[in-house]
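Colleague: A single structure is presented below for examination.
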2 protein chains.
Amino acid sequence: MSDTASPPPTPPRPAGRAKPRQSDIARAAGVSQATVSLVLRGAATGVVLAPETRRRVLSAAEELGYVPDPVATRLAAARNGMLGLYTFSTTFPTDVAHSYYPVLVGVEEEAAAQGQDLILFTGASRAADPTSDAAAVRRVRAADGCLFFGRHVPRDPIRRLSEDGFPFVYIGRREEPGISYVGADYVSASAEVAARLAALGHRRVRYLRENDDAPASTDRERGVADGARGSGLETDGLVERTDGGDVEARLARWRDEGVTAVITEETDTGAALSGLTAAVARAGLSCPGDLSLALLGTPAAAPAAPVPGLAGAISGFGVPMREMGRAAVRLLLDLIEGGPAPRSHLLACEPVAGATIGPPHPGR
Amino acid sequence: MSDTASPPPTPPRPAGRAKPRQSDIARAAGVSQATVSLVLRGAATGVVLAPETRRRVLSAAEELGYVPDPVATRLAAARNGMLGLYTFSTTFPTDVAHSYYPVLVGVEEEAAAQGQDLILFTGASRAADPTSDAAAVRRVRAADGCLFFGRHVPRDPIRRLSEDGFPFVYIGRREEPGISYVGADYVSASAEVAARLAALGHRRVRYLRENDDAPASTDRERGVADGARGSGLETDGLVERTDGGDVEARLARWRDEGVTAVITEETDTGAALSGLTAAVARAGLSCPGDLSLALLGTPAAAPAAPVPGLAGAISGFGVPMREMGRAAVRLLLDLIEGGPAPRSHLLACEPVAGATIGPPHPGR
DNA sequence: TCAATAACCTAATACGTATTAACGAAACTT
DNA sequence: AAGTTTCGTTAATACGTATTAGGTTATTGA
C-alpha cells in the first residue's frame, strides 16, 4: 500500500521512544519534575499534594510506562544499597568443603530481607600477594559497608578502613579494639564439651587443634582448658597441635598414654577432623567403643572418611553459622545508618549430643 | 560555653569523610575534578596530561584511598567493572542440595580472571511476588551487564531489559529469539544415554522427568525420545512425569510391565532422583543387578539416600556447570564490549560411565 | 615582535532522582 | 482590608563521575 522506496530514517531505538523520565511525565501532566518525584516517591517527606494533581501525575506515569531508574535513585539517595562481602579465600570454594557456606546463606537471606544487594569482591581469589590484597581491600569502599569473612585476615588494609570510618563487620571474633564483629561463643561451648566428657568419666583427654593462631582456635583452646580445669580433667599435655605428621602414630601414642577421649576442631579446611577420622579408621578403632571423639564446630558436609561404625552425628557443638551471617548483615546496616558506635555480638553455639562419645574404655 | 538552645546542626558524618571523592583528590592535588577524572579514567579520551600532574593526582588518590563510586560511574554512562548475577531462587540454596553451585564457582573464577567484581542481586530470595521481581530485576542496571540463572525465569522484566539494549546472558538454554545464553547440549547427551542402554540390550525403558516445562527438561525429553527411536528402544509409554505420588508404586508397576532400565533427570531440587533412589532402596532392589538406572545431569553432592549396593557414580552424563559459568562471563563481556550481536553457546556434556547400568535383568 | 600552533587544563554540562527552601495564591483571622 | 495561615507547587540544588568545548599559557615560526 505504501511505497517501498523511502523507508523513514529509522532512529536507533525504533520502539516508541526511549525510557520515559520523570521530566517526561512532568511535561505530560503539566507539572514540574519535583512534583512528579513527590507524587511517586515522596510518601515519607510529609509533603501533601492535591488529589487531582496526584491523579494526573499517576495516570501520566502509567500511560508512559514509567519505571524509576535504579541507578539515579541510588545516586540521589547517597547510598548504593550494596553491601560488600570480602572473603579471604574464594567466595565459592572448590577444593575445600563448603564449611563456610551456611554463613553465606545467612548473609544472602538477610541482605535480601533488607533490600540490599551484595558485591562479591573477587580480589582474594588470585595469588596471596599482599600488595594485591591491599588494593583489593580498598575496592571495598565501592559499597556502603562491608563484611569480612575468613579465618585469616590481613590487618593493615583493614586498619586503614577503620581509621577512615568506613563501616565494616567481621564475621568471626576479632582482637582489635573498636572493631565490630559477629562471632560464636567458642569458649563457653568448648568448655561445655570438656565438662561433658568429664561427666562421662573421662580423665585423660587430648585436644588436637590446628597449628595456627586464628581467634577461633585460640578461643576453643581456652574453652577446653577452662572446662578441663573446672571439671577435673587432667590438664597436663591436654593440648596438641596438628603438625602435618603421622596422625596414626600420634593416635597410637595417645592410646599408650591411656587417653580415652579426643577432642578436635573443625575449621575451614576440615584437616584436623578428616586426618583424625582417617587415622581412627586405619587403626581399626570405632567411636565411642574404643575412643570417644568430640568435635568443636560444625563439620562441613559429609566427612570424606566417615567414622567407622558411626550412625549419627559427631558429638560436640555446632556453630550457628547461618545466624551469624544474618546478624552480621543487621549489624552492618546499623553501622551504616546509625552512628559509628562499634558493637559486637557473640552467638551461642548449639550442643550436639551426637553418637561418638560415651564412657571411657581404656585401650590396650 | 555555647547556649544549649541552638546546638549547631551537626553534620551526619563528623569524623573525616568515609569515602573520598574525586573532588577531594582535586583539592589535595591542586587541580580540578575534571582533571582527576581524566587522570584516573580518561585513558581513552585522547587527552594528554602533564606527567607531573598525573603523578600528583595519582599519589593524592592513593593517599586518600580513592575508589570510584560504581553508581555514579554508571549514571555517567560508563562502565563500572561489575557484572550482575541474578538467580531466580536464592543464590545460596539451603534446603536444596547445591546443585547449581559449580556454576557459581565458574562465574566467580572467570570474573576474577577478567578483573570484574560480581554484584549478587538478591531480589528473588523472597516470595515469588511478581512485582518485587520486576523491581529487583530493574536493579541489575547498576552493573555493566548481568547473568541470569535459574530453571524458571519470569519473562516480562527481562524483555524490558532486552528492549533497552542492556547486555545480559542466560545460563541455560532459552527459547526467546535474540537472547544470548550459554547452555548444555542436553539433547545429544540424553540421546547418547538412551543409545547406551539400547546397546546393552534394553528394550523397554522409562524416562521419569520433572513435571514442569523448563527448557532443560524439554531438551532432555527430546533427546531421550530421539535416542530411543534411533536405537530401537520402545517409544510407547517411554516418558512419564513426576506427580508427587507414590514412587514406589510406580516402580512396582514398571517392574510388572517388564521395564529393565529407568532414566531420570537431575534438576535444581534433585527431587526426581532422590525419590527414585529411595523407592529402589525400599523395594529392596539394587542397581544394576535388578534394574539399570541412568541419570541425565550431575547429581548434587551426595544423594540423601544412596543407591543400595552402589559403589561408583550413577551412570548417565555430567553437565559442565563450571565451564558454563566461565563461558557465560566471557560471553557477557563480549556483549558489553562488542556490538549487540547476540550469540549463544551449547556446551557438550560429559558421558559418565558409572556403575548403575548393565545388561537387562527382567524382573519378577 | 606578533601571530600561529601546541600543550595543558578547567568550566560547564549531562546523567535521573530526591529533598528543601521558598514562593504565589487562596483561605482564614481580626 | 491588612495581616496571618495554610495549601500546593516549583526552583534550586545535591548526589559523583564522564565528556566536550573552550580558555590560558608556553612554544614555535616568520
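By order of appearance in the C-alpha cells: chains A, B, ..., then residues from 1 within every chain, and ligands from 1 in the order shown.
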Could you pull out the strand (DSSP E or B) residues of segment 174-264 of chain B from DSSP and send them as an MDAnalysis selection string?
Modeller: chainID B and resid 180:184 205:209 239:241 261:264
Colleague: Just to be explicit: take each residue in the selection above, keep N, CA and C atoms, and write the result as a compact mmCIF listing (two decimals), in the first residue's frame.
Modeller:
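So the final result, stored in part_32.txt, reads:
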# COMPACT_ATOMS: atom_id res chain seq x y z
N SER B 180 20.89 -14.00 24.37
CA SER B 180 22.11 -14.78 24.47
C SER B 180 22.03 -15.73 25.64
N TYR B 181 22.55 -16.90 25.44
CA TYR B 181 22.59 -17.84 26.55
C TYR B 181 23.80 -18.75 26.40
N VAL B 182 24.13 -19.39 27.50
CA VAL B 182 25.11 -20.46 27.49
C VAL B 182 24.41 -21.68 28.06
N GLY B 183 24.30 -22.70 27.28
CA GLY B 183 23.56 -23.87 27.74
C GLY B 183 24.38 -25.13 27.58
N ALA B 184 23.74 -26.23 27.93
CA ALA B 184 24.37 -27.53 27.76
C ALA B 184 23.58 -28.30 26.72
N VAL B 205 12.11 -49.26 28.45
CA VAL B 205 12.77 -48.30 29.34
C VAL B 205 11.76 -47.24 29.72
N ARG B 206 11.94 -46.62 30.87
CA ARG B 206 11.10 -45.49 31.25
C ARG B 206 11.98 -44.27 31.53
N TYR B 207 11.49 -43.13 31.10
CA TYR B 207 12.16 -41.88 31.44
C TYR B 207 11.26 -41.07 32.34
N LEU B 208 11.70 -40.86 33.56
CA LEU B 208 10.92 -40.10 34.53
C LEU B 208 11.45 -38.67 34.58
N ARG B 209 10.63 -37.73 34.11
CA ARG B 209 11.10 -36.34 34.08
C ARG B 209 10.30 -35.48 35.05
N VAL B 239 7.98 -41.90 28.25
CA VAL B 239 8.15 -40.74 29.11
C VAL B 239 7.03 -40.67 30.15
N GLU B 240 7.42 -40.49 31.40
CA GLU B 240 6.45 -40.20 32.46
C GLU B 240 6.94 -39.00 33.24
N ARG B 241 5.98 -38.36 33.92
CA ARG B 241 6.33 -37.17 34.70
C ARG B 241 6.15 -37.43 36.18
N ALA B 261 15.11 -50.76 32.61
CA ALA B 261 16.00 -49.63 32.89
C ALA B 261 15.18 -48.36 33.06
N VAL B 262 15.64 -47.51 33.94
CA VAL B 262 14.97 -46.26 34.20
C VAL B 262 15.96 -45.12 34.04
N ILE B 263 15.50 -44.09 33.37
CA ILE B 263 16.30 -42.88 33.23
C ILE B 263 15.57 -41.78 33.99
N THR B 264 16.31 -40.97 34.68
CA THR B 264 15.67 -39.80 35.29
C THR B 264 16.59 -38.60 35.13
Colleague: So that I can check the secondary structure, give me every residue of segment 214-335 of chain A assigned alpha helix (DSSP H) by backbone DSSP, as JSON, numbers by chain.
Modeller: {"A": [215, 216, 217, 218, 219, 220, 221, 222, 223, 224, 225, 226, 227, 228, 229, 230, 231, 247, 248, 249, 250, 251, 252, 253, 254, 255, 256, 257, 271, 272, 273, 274, 275, 276, 277, 278, 279, 280, 281, 282, 321, 322, 323, 324, 325, 326, 327, 328, 329, 330, 331, 332, 333, 334, 335]}
Colleague: Pull out every residue of chain C that has at least one atom within 12 Å of chain A, counting only C-alpha atoms (C1' of nucleotides), and report them as a list in words.
Modeller: DC15, DG16, DT17, DA18, DT19 and DT20 of chain C
Colleague: Got time to write the residues from that selection, N, CA and C atoms (P, O5', C5', C4', C3', O3' and C1' of nucleotides), as a PDB file, in the first residue's frame?
Modeller:
ATOM      1  P    DC C  15      21.027  14.339  29.422  1.00  0.00           P
ATOM      2  O5'  DC C  15      21.180  13.077  30.368  1.00  0.00           O
ATOM      3  C5'  DC C  15      22.192  12.096  30.167  1.00  0.00           C
ATOM      4  C4'  DC C  15      22.357  11.300  31.426  1.00  0.00           C
ATOM      5  C3'  DC C  15      21.081  11.191  32.269  1.00  0.00           C
ATOM      6  O3'  DC C  15      20.398   9.991  31.919  1.00  0.00           O
ATOM      7  C1'  DC C  15      23.050  11.567  33.614  1.00  0.00           C
ATOM      8  P    DG C  16      18.825  10.090  31.527  1.00  0.00           P
ATOM      9  O5'  DG C  16      18.170  10.067  32.986  1.00  0.00           O
ATOM     10  C5'  DG C  16      18.276   8.875  33.748  1.00  0.00           C
ATOM     11  C4'  DG C  16      17.795   9.127  35.152  1.00  0.00           C
ATOM     12  C3'  DG C  16      16.378   9.701  35.253  1.00  0.00           C
ATOM     13  O3'  DG C  16      15.657   8.869  36.131  1.00  0.00           O
ATOM     14  C1'  DG C  16      17.874  10.942  36.587  1.00  0.00           C
ATOM     15  P    DT C  17      14.201   9.211  36.641  1.00  0.00           P
ATOM     16  O5'  DT C  17      14.536   9.663  38.117  1.00  0.00           O
ATOM     17  C5'  DT C  17      15.067   8.690  38.990  1.00  0.00           C
ATOM     18  C4'  DT C  17      15.483   9.315  40.302  1.00  0.00           C
ATOM     19  C3'  DT C  17      14.332   9.819  41.167  1.00  0.00           C
ATOM     20  O3'  DT C  17      14.402   9.124  42.396  1.00  0.00           O
ATOM     21  C1'  DT C  17      16.089  11.413  41.043  1.00  0.00           C
ATOM     22  P    DA C  18      13.286   9.295  43.493  1.00  0.00           P
ATOM     23  O5'  DA C  18      14.009  10.329  44.480  1.00  0.00           O
ATOM     24  C5'  DA C  18      15.214   9.940  45.099  1.00  0.00           C
ATOM     25  C4'  DA C  18      15.619  10.942  46.164  1.00  0.00           C
ATOM     26  C3'  DA C  18      14.518  11.378  47.128  1.00  0.00           C
ATOM     27  O3'  DA C  18      15.114  11.496  48.407  1.00  0.00           O
ATOM     28  C1'  DA C  18      15.350  13.265  45.967  1.00  0.00           C
ATOM     29  P    DT C  19      14.239  11.775  49.708  1.00  0.00           P
ATOM     30  O5'  DT C  19      14.521  13.314  49.991  1.00  0.00           O
ATOM     31  C5'  DT C  19      15.871  13.758  49.974  1.00  0.00           C
ATOM     32  C4'  DT C  19      15.927  15.256  50.143  1.00  0.00           C
ATOM     33  C3'  DT C  19      14.862  15.858  51.067  1.00  0.00           C
ATOM     34  O3'  DT C  19      15.527  16.782  51.899  1.00  0.00           O
ATOM     35  C1'  DT C  19      14.869  16.993  49.014  1.00  0.00           C
ATOM     36  P    DT C  20      14.914  17.161  53.320  1.00  0.00           P
ATOM     37  O5'  DT C  20      15.153  18.734  53.355  1.00  0.00           O
ATOM     38  C5'  DT C  20      16.314  19.274  52.737  1.00  0.00           C
ATOM     39  C4'  DT C  20      16.045  20.668  52.232  1.00  0.00           C
ATOM     40  C3'  DT C  20      15.037  21.455  53.080  1.00  0.00           C
ATOM     41  O3'  DT C  20      15.528  22.780  53.237  1.00  0.00           O
ATOM     42  C1'  DT C  20      14.386  21.503  50.846  1.00  0.00           C
TER      43       DT C  20
END
Colleague: For chain D against chain A, which residues fall within 12 Å using only C-alpha atoms (C1' of nucleotides), given as a list in words?
Modeller: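 Matching residues, ligands excluded from the count: DT6, DC7, DG8, DT9, DT10, DA11, DA12, DT13, DA14, DC15, DG16 and DT17 of chain D.
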Colleague: Do a neighbour search on DT20 of chain D at 10 Å with only C-alpha atoms (C1' of nucleotides), toss out local chain neighbours closer than 2 positions, and write the hits as a list in words.
Modeller: DA12 and DT13 of chain C; DA18 and DG22 of chain D
Colleague: With a distance cut-off of 8 Å and only C-alpha atoms (C1' of nucleotides), select the neighbouring residues of Gly150 of chain B, excluding the residue or stretch itself and same-chain residues fewer than 6 positions from it, and output the selection as a PyMOL selection string.
Modeller: chain B and resi 87-89+171-172
Colleague: May I ask which of the residues B:Val57, B:Ala29, B:Ala327, B:Leu83 is the closest one to chain A, counting only C-alpha atoms?
Modeller: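 Going through B:Val57, B:Ala29, B:Ala327, B:Leu83 one by one, the smallest distance to chain A is for B:Leu83.
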Colleague: Would you kindly return, as a ChimeraX atom specification, each protein, DNA or RNA residue with an atom no farther than 10 Å from any atom of DA4 of chain C, considering only C-alpha atoms (C1' of nucleotides) and excluding same-chain residues fewer than 2 positions away?
Modeller: /C:2,6 /D:28-29
